[in-house]
Amino acid sequence: MQERTGVTKFSGNPMTLIGPEIKVGDKAPDFKVVDNDLQPVTLDDFKGKTKIICTVPSLDTPVCDTEIRRFNQEAVNLSPDVVVLTVSMDLPFAQKRWCAGAGIERVKTLSDYQELSFAANYGVLIKELKLLSRSIFVVDTEDVIRYVQHVPEVTDEPDYSAVLAAVTSDIPTKEVPGDGFCGAY
Amino acid sequence: MQERSGVTRFNGNPVTLIGPDLTIGYKAPDFRVVDNDLQLVTLDDFKGQTKIICTVPSLDTPVCDAEIRRFNQEAVVFKSDIVVLAISMDLPFAQKRWCSGAGIEGVKTLSDYQELSFAAAYGVLIKELKLLSRSIFVIDTEDVVRYIQHVSEITDEPDYSAALAALICISKQNQCPARMPAGRIYLGP
């Protein structure tokens, strides 16, 4: 499996990511994760929808908590055809508890603990920690990658406005802030 | 890796365990897990202590929560040469939050999420769920496995009194009862 360095750090320490570098314009790789009730969930379950997929190290840490609460708020203004997914290595039991506690309804939390399938296919598996790095992918209705943001320091929050711009503009024509590119294909 | 069936069920459904059926009276396998601060912990870190090790599917489920709180209460009376370890696939962040919420000080929670090392070495990895089954191991000061209890229905609590009786006779090097109400005990050489 491919290993990449120089993409992200954790508390200042350089980390190695396992898996390929996903680029804008790529066909979104499939994945197999489980929902809060341990049921399998794949890319196909969101066919025809626009997907914002946020990967985080753990919902039980403050930055991830803040990030997903923020996306939950923002998602209220998005079309019902946009789904917001959060994928982490947290067990489904922890995700369930967290969602109930945080009042999260618009964001679907999914766990990659069984197969590390999302982590490996989207190149966001931190080798040193066996956790997912902080990244955001926007996948369009045709399952094409439209935007990618890898947060360079895992303990920082992502650039939310860039992600939301990528989702809300139908045909993005210019680069948006962050590491992501819209309409570059 | 060896697979075993017929040991335990989850909500009535038979599940498969991956790893060996440990034999009492033999050397405890080593393991590599991480503590709440992601630091590596191995069997060697508890050298010379009597260890009671509880494996559970997740601290974020009610039965596991009840089990470890109970062991935490019992641990108050233990001497410092007894350690109580709880091992699960919960992330260290979840374990840390859980311990502070539950006021747990007598039990050390450890996560096997990185390598599934304890799960595989002690034969408690549920193949169908990638979680640890509910089991209890008592390991003596010489690192010999002295007592094993596999709970036959994972959603049930273990037989605490049997595990605690085994722990106490083993740690005090007293005569242990030849038959336990639950689990298997090694009476010593």
# chains A, B, ... in the order shown; residues from 1 in each chain; ligands from 1
$ closest_atom_pairs --of "chain A" --to "chain B" --cutoff "7 Å" --atoms "only C-alpha atoms" --output "CSV"
residue,atom,partner,partner_atom,distance
A:Asp60,CA,B:Phe93,CA,5.5
A:Thr61,CA,B:Phe93,CA,6.7
A:Asp90,CA,B:Leu91,CA,6.0
A:Leu91,CA,B:Asp90,CA,6.0
A:Phe93,CA,B:Asp60,CA,5.5
A:Ala94,CA,B:Asp60,CA,5.9
A:Gln114,CA,B:Lys130,CA,5.8
A:Lys130,CA,B:Gln114,CA,5.8
$ residues_around --residues "Gly19 of chain A" --least-positions-apart "5" --cutoff "8 Å" --atoms "only C-alpha atoms" --output "compact mmCIF listing (two decimals) with N, CA and C atoms, in the first residue's frame"
# COMPACT_ATOMS: atom_id res chain seq x y z
N MET A 1 0.86 -1.21 0.00
CA MET A 1 0.00 0.00 0.00
C MET A 1 0.89 1.25 0.00
N GLN A 2 0.49 2.22 -0.81
CA GLN A 2 1.26 3.45 -0.95
C GLN A 2 1.35 4.23 0.38
N GLU A 3 2.51 4.84 0.64
CA GLU A 3 2.66 5.67 1.82
C GLU A 3 3.05 7.09 1.37
N ARG A 4 2.46 8.10 2.02
CA ARG A 4 2.73 9.49 1.64
C ARG A 4 3.16 10.28 2.87
N ALA A 119 -10.39 4.61 5.14
CA ALA A 119 -9.05 5.15 5.42
C ALA A 119 -8.05 4.77 4.33
N ALA A 120 -8.06 3.49 3.97
CA ALA A 120 -7.07 3.02 2.99
C ALA A 120 -7.43 3.47 1.58
N ASN A 121 -8.71 3.43 1.22
CA ASN A 121 -9.10 3.76 -0.16
C ASN A 121 -8.99 5.25 -0.47
N TYR A 122 -9.15 6.08 0.56
CA TYR A 122 -9.09 7.53 0.36
C TYR A 122 -7.75 8.12 0.84
N GLY A 123 -6.84 7.24 1.27
CA GLY A 123 -5.49 7.71 1.61
C GLY A 123 -5.43 8.61 2.83
N VAL A 124 -6.23 8.30 3.86
CA VAL A 124 -6.26 9.16 5.05
C VAL A 124 -5.95 8.39 6.34
N LEU A 125 -5.29 7.24 6.19
CA LEU A 125 -4.94 6.44 7.37
C LEU A 125 -3.58 6.89 7.90
$ residues_around --residues "Ser88 of chain A" --least-positions-apart "4" --cutoff "6 Å" --atoms "only C-alpha atoms" --output "ChimeraX atom specification"
/A:55-58,111-112
$ write_last_selection --atoms "C-alpha atoms" --output "CSV table (one decimal), in the first residue's frame"
chain,number,residue,atom,x,y,z
A,55,THR,CA,-12.7,12.3,8.2
A,56,VAL,CA,-11.6,13.0,11.8
A,57,PRO,CA,-9.3,11.2,14.3
A,58,SER,CA,-11.9,10.9,17.0
A,111,SER,CA,-17.1,4.0,11.8
A,112,ASP,CA,-14.2,2.6,9.9
$ atom_distance --atom1 "atom CA of Ala120 of chain B" --atom2 "atom CA of Thr8 of chain B"
15.8 Å
$ select_by_dssp --residues "segment 14-181 of chain A" --states "helix (DSSP H, G or I)" --output "PyMOL selection string"
chain A and resi 43-46+62-75+92-102+117-121+160-168
$ write_last_selection --atoms "N, CA and C atoms" --output "compact mmCIF listing (two decimals), in the first residue's frame"
# COMPACT_ATOMS: atom_id res chain seq x y z
N LEU A 43 -20.58 3.43 -0.45
CA LEU A 43 -20.79 4.63 -1.28
C LEU A 43 -22.14 4.56 -1.99
N ASP A 44 -22.50 3.37 -2.44
CA ASP A 44 -23.75 3.15 -3.18
C ASP A 44 -24.99 3.57 -2.41
N ASP A 45 -24.90 3.59 -1.08
CA ASP A 45 -26.06 3.98 -0.28
C ASP A 45 -26.43 5.45 -0.45
N PHE A 46 -25.54 6.22 -1.09
CA PHE A 46 -25.79 7.66 -1.25
C PHE A 46 -25.85 8.03 -2.73
N PRO A 62 -11.71 17.46 21.30
CA PRO A 62 -12.42 18.74 21.19
C PRO A 62 -12.52 19.30 19.77
N VAL A 63 -11.45 19.19 18.98
CA VAL A 63 -11.48 19.81 17.65
C VAL A 63 -12.49 19.10 16.74
N CYS A 64 -12.50 17.78 16.80
CA CYS A 64 -13.43 17.02 15.97
C CYS A 64 -14.86 17.32 16.38
N ASP A 65 -15.05 17.41 17.68
CA ASP A 65 -16.36 17.73 18.22
C ASP A 65 -16.84 19.07 17.65
N THR A 66 -15.98 20.08 17.74
CA THR A 66 -16.31 21.41 17.23
C THR A 66 -16.62 21.35 15.74
N GLU A 67 -15.76 20.62 15.01
CA GLU A 67 -15.90 20.56 13.55
C GLU A 67 -17.25 19.98 13.15
N ILE A 68 -17.62 18.88 13.77
CA ILE A 68 -18.82 18.20 13.31
C ILE A 68 -20.08 18.93 13.79
N ARG A 69 -20.00 19.58 14.95
CA ARG A 69 -21.13 20.43 15.37
C ARG A 69 -21.33 21.56 14.37
N ARG A 70 -20.21 22.15 13.91
CA ARG A 70 -20.29 23.24 12.95
C ARG A 70 -20.92 22.76 11.64
N PHE A 71 -20.48 21.60 11.17
CA PHE A 71 -21.06 21.07 9.93
C PHE A 71 -22.54 20.75 10.11
N ASN A 72 -22.90 20.32 11.29
CA ASN A 72 -24.30 20.02 11.56
C ASN A 72 -25.15 21.28 11.44
N GLN A 73 -24.59 22.41 11.95
CA GLN A 73 -25.30 23.69 11.83
C GLN A 73 -25.40 24.14 10.38
N GLU A 74 -24.26 24.08 9.69
CA GLU A 74 -24.20 24.55 8.30
C GLU A 74 -25.12 23.72 7.41
N ALA A 75 -25.22 22.46 7.73
CA ALA A 75 -25.95 21.53 6.86
C ALA A 75 -27.43 21.87 6.80
N PRO A 92 -18.87 2.41 16.86
CA PRO A 92 -20.25 2.87 16.63
C PRO A 92 -20.95 3.25 17.94
N PHE A 93 -20.61 2.58 19.03
CA PHE A 93 -21.23 2.88 20.33
C PHE A 93 -20.84 4.28 20.80
N ALA A 94 -19.58 4.64 20.57
CA ALA A 94 -19.11 5.98 20.94
C ALA A 94 -19.78 7.03 20.05
N GLN A 95 -19.91 6.73 18.77
CA GLN A 95 -20.53 7.68 17.84
C GLN A 95 -21.99 7.92 18.21
N LYS A 96 -22.66 6.85 18.59
CA LYS A 96 -24.07 6.95 18.96
C LYS A 96 -24.23 7.84 20.19
N ARG A 97 -23.41 7.57 21.20
CA ARG A 97 -23.44 8.36 22.42
C ARG A 97 -23.14 9.83 22.11
N TRP A 98 -22.14 10.04 21.26
CA TRP A 98 -21.72 11.40 20.94
C TRP A 98 -22.83 12.15 20.22
N CYS A 99 -23.45 11.50 19.25
CA CYS A 99 -24.50 12.16 18.46
C CYS A 99 -25.68 12.53 19.34
N ALA A 100 -26.06 11.64 20.24
CA ALA A 100 -27.19 11.93 21.12
C ALA A 100 -26.83 13.10 22.02
N GLY A 101 -25.60 13.11 22.54
CA GLY A 101 -25.17 14.16 23.45
C GLY A 101 -25.06 15.51 22.77
N ALA A 102 -24.62 15.51 21.52
CA ALA A 102 -24.37 16.78 20.83
C ALA A 102 -25.59 17.23 20.03
N SER A 117 -11.42 0.56 5.69
CA SER A 117 -11.65 0.56 4.25
C SER A 117 -11.69 1.98 3.69
N PHE A 118 -12.41 2.88 4.34
CA PHE A 118 -12.41 4.26 3.87
C PHE A 118 -11.00 4.84 3.98
N ALA A 119 -10.39 4.61 5.14
CA ALA A 119 -9.05 5.15 5.42
C ALA A 119 -8.05 4.77 4.33
N ALA A 120 -8.06 3.49 3.97
CA ALA A 120 -7.07 3.02 2.99
C ALA A 120 -7.43 3.47 1.58
N ASN A 121 -8.71 3.43 1.22
CA ASN A 121 -9.10 3.76 -0.16
C ASN A 121 -8.99 5.25 -0.47
N TYR A 160 -13.84 25.80 6.76
CA TYR A 160 -15.23 25.43 6.48
C TYR A 160 -15.78 26.12 5.23
N SER A 161 -15.43 27.43 5.09
CA SER A 161 -16.06 28.20 4.02
C SER A 161 -15.69 27.64 2.65
N ALA A 162 -14.46 27.15 2.53
CA ALA A 162 -14.04 26.58 1.25
C ALA A 162 -14.87 25.36 0.90
N VAL A 163 -15.16 24.56 1.91
CA VAL A 163 -15.94 23.34 1.66
C VAL A 163 -17.35 23.71 1.24
N LEU A 164 -17.93 24.67 1.98
CA LEU A 164 -19.32 25.03 1.70
C LEU A 164 -19.43 25.70 0.33
N ALA A 165 -18.40 26.47 -0.03
CA ALA A 165 -18.39 27.09 -1.35
C ALA A 165 -18.36 26.02 -2.43
N ALA A 166 -17.60 24.99 -2.17
CA ALA A 166 -17.48 23.91 -3.15
C ALA A 166 -18.81 23.19 -3.35
N VAL A 167 -19.60 23.14 -2.30
CA VAL A 167 -20.86 22.41 -2.38
C VAL A 167 -21.95 23.26 -3.00
N THR A 168 -21.96 24.55 -2.63
CA THR A 168 -23.11 25.37 -3.01
C THR A 168 -23.00 25.94 -4.42
$ residues_around --residues "Ala182 of chain B" --least-positions-apart "5" --cutoff "10 Å" --atoms "only C-alpha atoms" --output "mmCIF file with C-alpha atoms, in the first residue's frame"
data_model
loop_
_atom_site.group_PDB
_atom_site.id
_atom_site.type_symbol
_atom_site.label_atom_id
_atom_site.label_comp_id
_atom_site.auth_asym_id
_atom_site.auth_seq_id
_atom_site.Cartn_x
_atom_site.Cartn_y
_atom_site.Cartn_z
ATOM 1 C CA TYR B 147 -7.979 -18.324 35.899
ATOM 2 C CA ILE B 148 -10.123 -17.892 32.772
ATOM 3 C CA GLN B 149 -13.805 -17.077 32.476
ATOM 4 C CA HIS B 150 -15.454 -16.723 29.056
ATOM 5 C CA VAL B 151 -18.956 -15.308 29.472
ATOM 6 C CA PRO B 158 -19.735 -12.099 34.195
ATOM 7 C CA ASP B 159 -19.812 -14.115 37.416
ATOM 8 C CA TYR B 160 -18.019 -11.533 39.555
ATOM 9 C CA SER B 161 -17.844 -13.584 42.720
ATOM 10 C CA ALA B 162 -16.096 -16.470 40.964
ATOM 11 C CA ALA B 163 -13.557 -14.148 39.361
#
$ closest_residue --among "B:Asp140, B:Asp112, B:Asp81, B:Asp156" --to "Tyr113 of chain A" --atoms "only C-alpha atoms"
B:Asp112
$ residues_around --residues "Ile168 of chain B" --least-positions-apart "3" --cutoff "12 Å" --atoms "only C-alpha atoms" --output "compact mmCIF listing (two decimals) with all heavy atoms, in the first residue's frame"
# COMPACT_ATOMS: atom_id res chain seq x y z
N THR B 50 -0.11 -9.22 40.53
CA THR B 50 -1.20 -10.08 40.10
C THR B 50 -2.14 -9.24 39.25
O THR B 50 -2.48 -8.12 39.63
CB THR B 50 -1.96 -10.65 41.32
OG1 THR B 50 -1.02 -11.32 42.16
CG2 THR B 50 -3.05 -11.61 40.88
N LYS B 51 -2.51 -9.78 38.09
CA LYS B 51 -3.31 -9.00 37.13
C LYS B 51 -4.66 -9.65 36.92
O LYS B 51 -4.74 -10.85 36.66
CB LYS B 51 -2.56 -8.94 35.78
CG LYS B 51 -1.20 -8.26 35.89
CD LYS B 51 -0.21 -8.73 34.84
CE LYS B 51 0.55 -9.97 35.23
NZ LYS B 51 1.70 -9.76 36.15
N ILE B 52 -5.72 -8.89 37.03
CA ILE B 52 -7.02 -9.37 36.59
C ILE B 52 -7.36 -8.54 35.35
O ILE B 52 -7.36 -7.32 35.40
CB ILE B 52 -8.11 -9.32 37.69
CG1 ILE B 52 -9.45 -9.80 37.11
CG2 ILE B 52 -8.24 -7.97 38.34
CD1 ILE B 52 -10.48 -10.16 38.19
N GLU B 74 -14.75 -3.02 43.66
CA GLU B 74 -14.07 -4.12 44.32
C GLU B 74 -12.58 -3.82 44.48
O GLU B 74 -11.94 -4.23 45.45
CB GLU B 74 -14.23 -5.42 43.52
CG GLU B 74 -15.68 -5.84 43.29
CD GLU B 74 -16.34 -6.43 44.53
OE1 GLU B 74 -15.63 -6.65 45.53
OE2 GLU B 74 -17.57 -6.66 44.49
N ALA B 75 -12.04 -3.09 43.51
CA ALA B 75 -10.60 -2.85 43.49
C ALA B 75 -10.13 -2.02 44.67
O ALA B 75 -8.95 -2.03 45.02
CB ALA B 75 -10.21 -2.17 42.17
N VAL B 77 -10.50 -2.48 47.71
CA VAL B 77 -9.97 -3.29 48.80
C VAL B 77 -8.70 -4.04 48.41
O VAL B 77 -8.05 -4.64 49.26
CB VAL B 77 -11.03 -4.31 49.31
CG1 VAL B 77 -12.28 -3.59 49.78
CG2 VAL B 77 -11.39 -5.32 48.23
N PHE B 78 -8.35 -4.00 47.13
CA PHE B 78 -7.16 -4.73 46.70
C PHE B 78 -5.91 -4.02 47.19
O PHE B 78 -5.85 -2.80 47.29
CB PHE B 78 -7.09 -4.86 45.18
CG PHE B 78 -8.21 -5.63 44.57
CD1 PHE B 78 -8.54 -5.45 43.25
CD2 PHE B 78 -8.95 -6.53 45.33
CE1 PHE B 78 -9.57 -6.15 42.67
CE2 PHE B 78 -9.99 -7.24 44.76
CZ PHE B 78 -10.31 -7.04 43.43
N LYS B 79 -4.88 -4.81 47.38
CA LYS B 79 -3.59 -4.21 47.70
C LYS B 79 -2.97 -3.69 46.41
O LYS B 79 -3.42 -3.99 45.31
CB LYS B 79 -2.68 -5.27 48.34
CG LYS B 79 -3.16 -5.70 49.72
CD LYS B 79 -2.25 -6.78 50.27
CE LYS B 79 -2.24 -7.97 49.36
NZ LYS B 79 -1.44 -9.08 49.79
N ASP B 81 -0.48 -4.51 44.94
CA ASP B 81 0.17 -5.47 44.04
C ASP B 81 -0.83 -6.21 43.16
O ASP B 81 -0.50 -7.16 42.50
CB ASP B 81 1.05 -6.46 44.83
CG ASP B 81 0.26 -7.18 45.90
OD1 ASP B 81 -0.93 -6.81 46.11
OD2 ASP B 81 0.80 -8.09 46.53
N ILE B 82 -2.08 -5.75 43.18
CA ILE B 82 -3.08 -6.27 42.25
C ILE B 82 -3.48 -5.15 41.30
O ILE B 82 -3.79 -4.04 41.74
CB ILE B 82 -4.34 -6.78 42.98
CG1 ILE B 82 -3.98 -7.96 43.88
CG2 ILE B 82 -5.43 -7.17 41.98
CD1 ILE B 82 -5.16 -8.49 44.67
N VAL B 138 -7.06 -14.12 35.06
CA VAL B 138 -6.22 -13.75 36.20
C VAL B 138 -4.83 -14.31 35.94
O VAL B 138 -4.67 -15.51 35.64
CB VAL B 138 -6.78 -14.29 37.53
CG1 VAL B 138 -5.83 -13.93 38.69
CG2 VAL B 138 -8.17 -13.71 37.81
N ILE B 139 -3.84 -13.43 36.01
CA ILE B 139 -2.45 -13.79 35.74
C ILE B 139 -1.65 -13.51 36.99
O ILE B 139 -1.75 -12.41 37.56
CB ILE B 139 -1.92 -12.98 34.54
CG1 ILE B 139 -2.76 -13.32 33.29
CG2 ILE B 139 -0.44 -13.25 34.29
CD1 ILE B 139 -2.50 -12.43 32.11
N ASP B 140 -0.88 -14.48 37.45
CA ASP B 140 -0.20 -14.32 38.74
C ASP B 140 1.12 -13.54 38.60
O ASP B 140 1.49 -13.10 37.52
CB ASP B 140 -0.04 -15.67 39.45
CG ASP B 140 0.99 -16.57 38.77
OD1 ASP B 140 1.78 -16.09 37.94
OD2 ASP B 140 0.99 -17.78 39.09
N ARG B 146 -3.79 -18.11 35.52
CA ARG B 146 -4.31 -18.94 36.61
C ARG B 146 -5.82 -19.13 36.57
O ARG B 146 -6.35 -20.06 37.18
CB ARG B 146 -3.92 -18.28 37.95
CG ARG B 146 -2.41 -18.25 38.20
CD ARG B 146 -1.84 -19.62 38.47
NE ARG B 146 -2.40 -20.23 39.66
CZ ARG B 146 -1.95 -20.05 40.91
NH1 ARG B 146 -0.90 -19.28 41.11
NH2 ARG B 146 -2.54 -20.65 41.92
N TYR B 147 -6.51 -18.22 35.91
CA TYR B 147 -7.98 -18.32 35.90
C TYR B 147 -8.50 -17.71 34.61
O TYR B 147 -8.01 -16.66 34.16
CB TYR B 147 -8.57 -17.58 37.10
CG TYR B 147 -10.09 -17.50 37.09
CD1 TYR B 147 -10.86 -18.59 37.51
CD2 TYR B 147 -10.75 -16.37 36.64
CE1 TYR B 147 -12.26 -18.52 37.49
CE2 TYR B 147 -12.13 -16.29 36.62
CZ TYR B 147 -12.87 -17.37 37.04
OH TYR B 147 -14.25 -17.30 37.01
N SER B 161 -18.33 -12.97 41.49
CA SER B 161 -17.84 -13.58 42.72
C SER B 161 -16.83 -14.69 42.41
O SER B 161 -15.84 -14.83 43.13
CB SER B 161 -19.01 -14.10 43.57
OG SER B 161 -19.84 -14.91 42.78
N ALA B 162 -17.06 -15.42 41.32
CA ALA B 162 -16.10 -16.47 40.96
C ALA B 162 -14.76 -15.85 40.60
O ALA B 162 -13.69 -16.31 41.05
CB ALA B 162 -16.64 -17.30 39.80
N ALA B 163 -14.81 -14.79 39.79
CA ALA B 163 -13.56 -14.15 39.36
C ALA B 163 -12.82 -13.54 40.55
O ALA B 163 -11.59 -13.65 40.67
CB ALA B 163 -13.86 -13.07 38.31
N LEU B 164 -13.57 -12.91 41.45
CA LEU B 164 -12.93 -12.27 42.61
C LEU B 164 -12.38 -13.31 43.59
O LEU B 164 -11.30 -13.13 44.15
CB LEU B 164 -13.93 -11.34 43.31
CG LEU B 164 -14.29 -10.11 42.46
CD1 LEU B 164 -15.52 -9.42 43.04
CD2 LEU B 164 -13.11 -9.14 42.37
N ALA B 165 -13.11 -14.42 43.75
CA ALA B 165 -12.61 -15.48 44.63
C ALA B 165 -11.31 -16.04 44.08
O ALA B 165 -10.34 -16.26 44.82
CB ALA B 165 -13.67 -16.59 44.75
N SER B 171 -3.81 -14.28 44.55
CA SER B 171 -2.91 -13.21 44.97
C SER B 171 -2.36 -13.45 46.38
O SER B 171 -1.25 -13.06 46.69
CB SER B 171 -3.61 -11.86 44.90
OG SER B 171 -4.65 -11.80 45.84
N LYS B 172 -3.17 -14.12 47.22
CA LYS B 172 -2.70 -14.39 48.59
C LYS B 172 -1.96 -15.71 48.68
O LYS B 172 -1.51 -16.10 49.76
CB LYS B 172 -3.90 -14.41 49.55
CG LYS B 172 -4.50 -13.04 49.75
CD LYS B 172 -5.59 -13.07 50.79
CE LYS B 172 -6.07 -11.66 51.09
NZ LYS B 172 -7.34 -11.66 51.81
N GLN B 173 -1.88 -16.41 47.55
CA GLN B 173 -1.24 -17.73 47.50
C GLN B 173 -1.86 -18.67 48.51
O GLN B 173 -1.17 -19.48 49.15
CB GLN B 173 0.27 -17.60 47.66
CG GLN B 173 0.84 -16.68 46.59
CD GLN B 173 2.35 -16.57 46.60
OE1 GLN B 173 3.01 -16.97 47.55
NE2 GLN B 173 2.90 -16.05 45.54
N ASN B 174 -3.19 -18.52 48.68
CA ASN B 174 -3.96 -19.43 49.53
C ASN B 174 -4.33 -20.67 48.72
O ASN B 174 -4.15 -20.70 47.52
CB ASN B 174 -5.27 -18.78 49.98
CG ASN B 174 -5.03 -17.69 51.01
OD1 ASN B 174 -3.94 -17.58 51.56
ND2 ASN B 174 -6.04 -16.88 51.25
N GLN B 175 -4.93 -21.62 49.43
CA GLN B 175 -5.53 -22.76 48.75
C GLN B 175 -6.72 -22.25 47.92
O GLN B 175 -7.62 -21.62 48.49
CB GLN B 175 -6.03 -23.77 49.79
CG GLN B 175 -6.45 -25.08 49.22
CD GLN B 175 -5.31 -26.09 49.23
OE1 GLN B 175 -4.55 -26.16 50.19
NE2 GLN B 175 -5.16 -26.81 48.15
N CYS B 176 -6.73 -22.52 46.63
CA CYS B 176 -7.88 -22.13 45.81
C CYS B 176 -8.86 -23.30 45.76
O CYS B 176 -8.44 -24.46 45.79
CB CYS B 176 -7.45 -21.79 44.40
SG CYS B 176 -6.57 -20.23 44.26
N PRO B 177 -10.16 -23.01 45.67
CA PRO B 177 -11.13 -24.09 45.51
C PRO B 177 -10.88 -24.83 44.19
O PRO B 177 -10.55 -24.19 43.19
CB PRO B 177 -12.48 -23.39 45.49
CG PRO B 177 -12.20 -21.96 45.22
CD PRO B 177 -10.81 -21.68 45.69
$ closest_residue --among "A:Val139, A:Asp156, A:Ile126, A:Val41" --to "Val83 of chain A" --atoms "only C-alpha atoms"
A:Val139
$ atom_distance --atom1 "atom CA of Glu21 of chain A" --atom2 "atom CA of Pro158 of chain A"
18.2 Å
$ select_by_dssp --residues "chain B" --states "strand (DSSP E or B)" --output "count of residues only"
52
$ residues_around --residues "Asn72 of chain B" --least-positions-apart "4" --cutoff "7 Å" --atoms "only C-alpha atoms" --output "ChimeraX atom specification"
/B:68,76,104,106-107
$ decode --residues "segment 164-170 of chain A" --atoms "all heavy atoms" --output "compact mmCIF listing (two decimals), in the first residue's frame"
# COMPACT_ATOMS: atom_id res chain seq x y z
N LEU A 164 -17.93 24.67 1.98
CA LEU A 164 -19.32 25.03 1.70
C LEU A 164 -19.43 25.70 0.33
O LEU A 164 -20.39 25.49 -0.40
CB LEU A 164 -19.84 25.93 2.82
CG LEU A 164 -19.92 25.19 4.16
CD1 LEU A 164 -20.10 26.17 5.30
CD2 LEU A 164 -21.03 24.14 4.15
N ALA A 165 -18.40 26.47 -0.03
CA ALA A 165 -18.39 27.09 -1.35
C ALA A 165 -18.36 26.02 -2.43
O ALA A 165 -19.03 26.11 -3.46
CB ALA A 165 -17.18 28.02 -1.48
N ALA A 166 -17.60 24.99 -2.17
CA ALA A 166 -17.48 23.91 -3.15
C ALA A 166 -18.81 23.19 -3.35
O ALA A 166 -19.11 22.71 -4.44
CB ALA A 166 -16.40 22.91 -2.71
N VAL A 167 -19.60 23.14 -2.30
CA VAL A 167 -20.86 22.41 -2.38
C VAL A 167 -21.95 23.26 -3.00
O VAL A 167 -22.76 22.79 -3.79
CB VAL A 167 -21.31 21.95 -0.97
CG1 VAL A 167 -22.69 21.31 -1.04
CG2 VAL A 167 -20.30 20.98 -0.40
N THR A 168 -21.96 24.55 -2.63
CA THR A 168 -23.11 25.37 -3.01
C THR A 168 -23.00 25.94 -4.42
O THR A 168 -24.01 26.20 -5.05
CB THR A 168 -23.30 26.53 -2.01
OG1 THR A 168 -22.04 27.14 -1.79
CG2 THR A 168 -23.84 26.00 -0.70
N SER A 169 -21.81 26.11 -4.93
CA SER A 169 -21.70 26.61 -6.31
C SER A 169 -21.85 25.44 -7.26
O SER A 169 -21.15 24.44 -7.13
CB SER A 169 -20.36 27.31 -6.51
OG SER A 169 -19.33 26.48 -6.04
N ASP A 170 -22.75 25.60 -8.19
CA ASP A 170 -23.05 24.47 -9.09
C ASP A 170 -21.85 24.08 -9.92
O ASP A 170 -21.45 22.93 -9.97
CB ASP A 170 -24.23 24.82 -10.00
CG ASP A 170 -25.52 24.86 -9.21
OD1 ASP A 170 -25.57 24.19 -8.16
OD2 ASP A 170 -26.45 25.56 -9.63
